[in-house]
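Below is one structure, written out as structure tokens, with a few remarks after it.
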Amino acid sequence: MNGVTLGKIIRNLREPRKLLISAGLRFVALPMSRDAAVLKPVGWVYGTLKRVELKEIFPGIEEGSVKLVRTYDRDEHTSVTLTEIAAVSSIIKHTKVKNIFEIGTYQGNTTLQLAANSPGDARITTLDLPSKWNEDKRAITTPENFKNVTDRMTIGVQYKETSYAGKINQIFADSANMNWSELPGPFDFIFIDGCHYYEYVKKDTENALGALRPGGIVVWHDYGMIKDVSRAVDETSKKIQIYAISGTRLAVGFLKK
Ligand SMILES: C[S@@+](CC[C@H](N)C(=O)[O-])C[C@H]1O[C@@H](n2cnc3c(N)ncnc32)[C@H](O)[C@@H]1O
């Protein structure tokens with residue numbers, strides 16, 4: 001053993017993470033990371049769909065550019081990540097979809113990107129629970145840890161004062177308890193990111209497939225990370241073509257033309 005190698009080992013002894021990584025034990029070392037964000041993808045373990053690169057699903061998408069508005073105004077625990085919002089924005093830009101529906105507005109950061117990357121005459125309808133939400137009105141009995149009701153005062157705050165607000169139509173209802181036929185469908189694109197309980201995702205998916213135009217696109221968030229979402233999407237993949245986008249928690253489905 002030469003002096004350099006011995007020196008390296010001694011240095012690594014003071015840095016247990018580096019020692020584990022150099023010993024090929026990366027997965028033991030990762031939980032010791034100083035940055036919790038790097039651990040997240042390690043926990044994306046659910047779902048059976050093959051993970052595919054976006055450019056395999058949408059050839060030519062790699063040549064496009066997107067606009068990200070309020071790029072870093074996102075909540076690490078609730079919002080989609082930058083990689084994911086770049087993917088969603090790229091799909092919107094590439095496919096030029098005009099009639100868009102989103103379940104789960106929250107602060108409206110995703111809504112903003114849908115508006116910023118769609119054609120000028122596109123319409124974005126975005127849904128969240130009513131401002132005076134009362135759990136007694138919930139359509140599907142949901143375990144406490146799945147209720148996922150965000151601060152009612154923050155719904156849509158990010159897009160309200162922007163030049164994109166005119167393209168956005170905010171509606172308030174429980175996705176499983178509203179009259180979908182009153183929505184301005186059929187939609188070209190639907191983004192599902194509301195309640196993540198299996199029964200809700202299943203119901204949102206059924207309703208979304210009924211509200212899409214033939215050839216329309218549906219995108220689910222949290223595929224691979226949340227077991228219930230992954231189960232509902234995997235079941236739907238027996239009916240329509242769905243791909244999981246690598247490096248993200250997005251699954252993209254296509255209604256037959
Ligand atoms: C995960 S957040 C959406 C985050 C958003 N896509 C973003 O990137 O900022 C989910 C939102 O769905 C709403 N929500 C939960 N259950 C719902 C339901 N049954 N119907 C409509 N919206 C619902 C919540 O209030 C919350 O604001």
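Letters A, B, ... mark the chains of the structure tokens in the order given; residue numbers begin at 1 per chain; ligand numbers begin at 1, in order shown.
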
Please write out the residues within 6 Å of ligand 1 as an mmCIF file with C-alpha atoms, in the first residue's frame, counting only C-alpha atoms and all ligand atoms.
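Saved the output as pocket08.cif:
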```cif
data_model
loop_
_atom_site.group_PDB
_atom_site.id
_atom_site.type_symbol
_atom_site.label_atom_id
_atom_site.label_comp_id
_atom_site.auth_asym_id
_atom_site.auth_seq_id
_atom_site.Cartn_x
_atom_site.Cartn_y
_atom_site.Cartn_z
ATOM 1 C CA THR A 78 -46.022 20.204 -1.750
ATOM 2 C CA SER A 79 -45.079 21.509 -5.184
ATOM 3 C CA VAL A 80 -43.628 19.739 -8.184
ATOM 4 C CA ILE A 103 -56.613 19.318 -10.304
ATOM 5 C CA GLY A 104 -54.812 20.816 -7.270
ATOM 6 C CA THR A 105 -53.961 24.507 -7.715
ATOM 7 C CA TYR A 106 -52.240 25.095 -4.354
ATOM 8 C CA GLN A 107 -50.307 28.414 -4.713
ATOM 9 C CA GLY A 108 -50.610 28.224 -8.501
ATOM 10 C CA ASN A 109 -46.980 27.756 -9.458
ATOM 11 C CA THR A 110 -47.768 24.849 -11.810
ATOM 12 C CA LEU A 127 -59.423 23.335 -9.377
ATOM 13 C CA ASP A 128 -58.913 23.339 -5.621
ATOM 14 C CA LEU A 129 -61.147 22.710 -2.633
ATOM 15 C CA ASN A 148 -53.843 16.986 1.939
ATOM 16 C CA VAL A 149 -55.822 20.222 2.354
ATOM 17 C CA THR A 150 -53.472 23.199 1.922
ATOM 18 C CA ALA A 173 -64.932 22.134 -5.530
ATOM 19 C CA ASP A 174 -64.126 18.642 -4.320
ATOM 20 C CA SER A 175 -62.904 16.861 -7.486
ATOM 21 C CA ASP A 193 -52.289 16.492 -8.417
ATOM 22 C CA GLY A 194 -55.152 16.762 -5.899
ATOM 23 C CA CYS A 195 -55.936 14.237 -3.156
#
```

Sorted by chain and rising residue number, list the residues of range 77-123 of chain A at most 10 Å from range 45-64 of chain A (counting only C-alpha atoms), each with its closest atom pair and distance in Å to one decimal, as a Markdown table.
```
| residue | atom | partner | partner_atom | distance |
| --- | --- | --- | --- | --- |
| A:Ala87 | CA | A:Leu54 | CA | 7.5 |
| A:Val88 | CA | A:Leu54 | CA | 9.9 |
| A:Ser90 | CA | A:Ile61 | CA | 6.8 |
| A:Ile91 | CA | A:Ile61 | CA | 7.5 |
| A:Lys93 | CA | A:Gly64 | CA | 7.8 |
| A:His94 | CA | A:Ile61 | CA | 6.1 |
| A:Thr95 | CA | A:Phe58 | CA | 8.6 |
```

Could you make a table, as JSON lines, of the residues of range 106-162 of chain A that have an atom within 12 Å of an atom of range 178-192 of chain A, each with its nearest atom pair and distance in Å to one decimal, counting only C-alpha atoms, in chain and number order?
```
{"residue": "A:Thr110", "atom": "CA", "partner": "A:Phe191", "partner_atom": "CA", "distance": 9.5}
{"residue": "A:Thr111", "atom": "CA", "partner": "A:Phe191", "partner_atom": "CA", "distance": 9.7}
{"residue": "A:Leu114", "atom": "CA", "partner": "A:Phe191", "partner_atom": "CA", "distance": 9.7}
{"residue": "A:Ser118", "atom": "CA", "partner": "A:Phe189", "partner_atom": "CA", "distance": 10.8}
{"residue": "A:Ala122", "atom": "CA", "partner": "A:Asp188", "partner_atom": "CA", "distance": 10.3}
{"residue": "A:Arg123", "atom": "CA", "partner": "A:Pro184", "partner_atom": "CA", "distance": 9.3}
{"residue": "A:Ile124", "atom": "CA", "partner": "A:Phe189", "partner_atom": "CA", "distance": 9.6}
{"residue": "A:Thr125", "atom": "CA", "partner": "A:Pro184", "partner_atom": "CA", "distance": 8.1}
{"residue": "A:Thr126", "atom": "CA", "partner": "A:Phe191", "partner_atom": "CA", "distance": 9.3}
{"residue": "A:Leu127", "atom": "CA", "partner": "A:Ile192", "partner_atom": "CA", "distance": 10.0}
{"residue": "A:Asp128", "atom": "CA", "partner": "A:Ile192", "partner_atom": "CA", "distance": 11.2}
{"residue": "A:Leu129", "atom": "CA", "partner": "A:Met178", "partner_atom": "CA", "distance": 10.6}
{"residue": "A:Pro130", "atom": "CA", "partner": "A:Met178", "partner_atom": "CA", "distance": 11.4}
{"residue": "A:Lys137", "atom": "CA", "partner": "A:Met178", "partner_atom": "CA", "distance": 11.2}
{"residue": "A:Arg138", "atom": "CA", "partner": "A:Met178", "partner_atom": "CA", "distance": 10.8}
{"residue": "A:Ala139", "atom": "CA", "partner": "A:Met178", "partner_atom": "CA", "distance": 9.2}
```

Of the candidates A:Val66, A:Val97, A:Ala208, A:Ala176, which shows the shortest atom-to-atom distance to Thr83 in chain A, using only C-alpha atoms? A:Val66

Restricting the calculation to only C-alpha atoms, which member of A:Arg231, A:Gly210, A:Tyr223, A:Met32 is positioned closest to Ile245 in chain A? A:Tyr223

Non-local contacts of Gln241 in chain A (6 Å; only C-alpha atoms; under 4 positions in same chain excluded) as a PDB file with C-alpha atoms, in the first residue's frame:
```
ATOM      1  CA  SER A 237     -52.146   1.536 -17.805  1.00  0.00           C
ATOM      2  CA  GLY A 253     -51.020   8.857 -20.480  1.00  0.00           C
ATOM      3  CA  PHE A 254     -52.583   9.153 -23.929  1.00  0.00           C
TER       4      PHE A 254
END
```

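Of the residues under consideration (A:Arg213, A:Thr162, A:Val219, A:Thr236), A:Arg213 shows the shortest atom-to-atom contact distance to Lys98 in chain A when counting only C-alpha atoms.
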
Please return, as a PyMOL selection string, all residues of range 9-157 of chain A that DSSP assigns to alpha helix (DSSP H) on the basis of the backbone. chain A and resi 9-13+16-22+26-29+36-39+54-57+82-95+109-116+157

Gap from CA of Val252 in chain A to CA of Gly216 in chain A - Å, one decimal: 10.5 Å

Lys147 in chain A surroundings by only C-alpha atoms, 9 Å radius, close-in-sequence under 3 positions cut, as an MDAnalysis selection string: chainID A and resid 142:144 195:197

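For the atom pair formed by CA of Asp35 in chain A and CA of Arg17 in chain A, the distance is 12.7 Å, given to one decimal.
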
With distances taken over only C-alpha atoms, the candidate from A:Thr248, A:Asn177, A:Ser65, A:Asn99 nearest Thr141 in chain A is A:Asn177

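The spacing separating CA of His221 in chain A from CA of Ala115 in chain A amounts to 18.0 Å.
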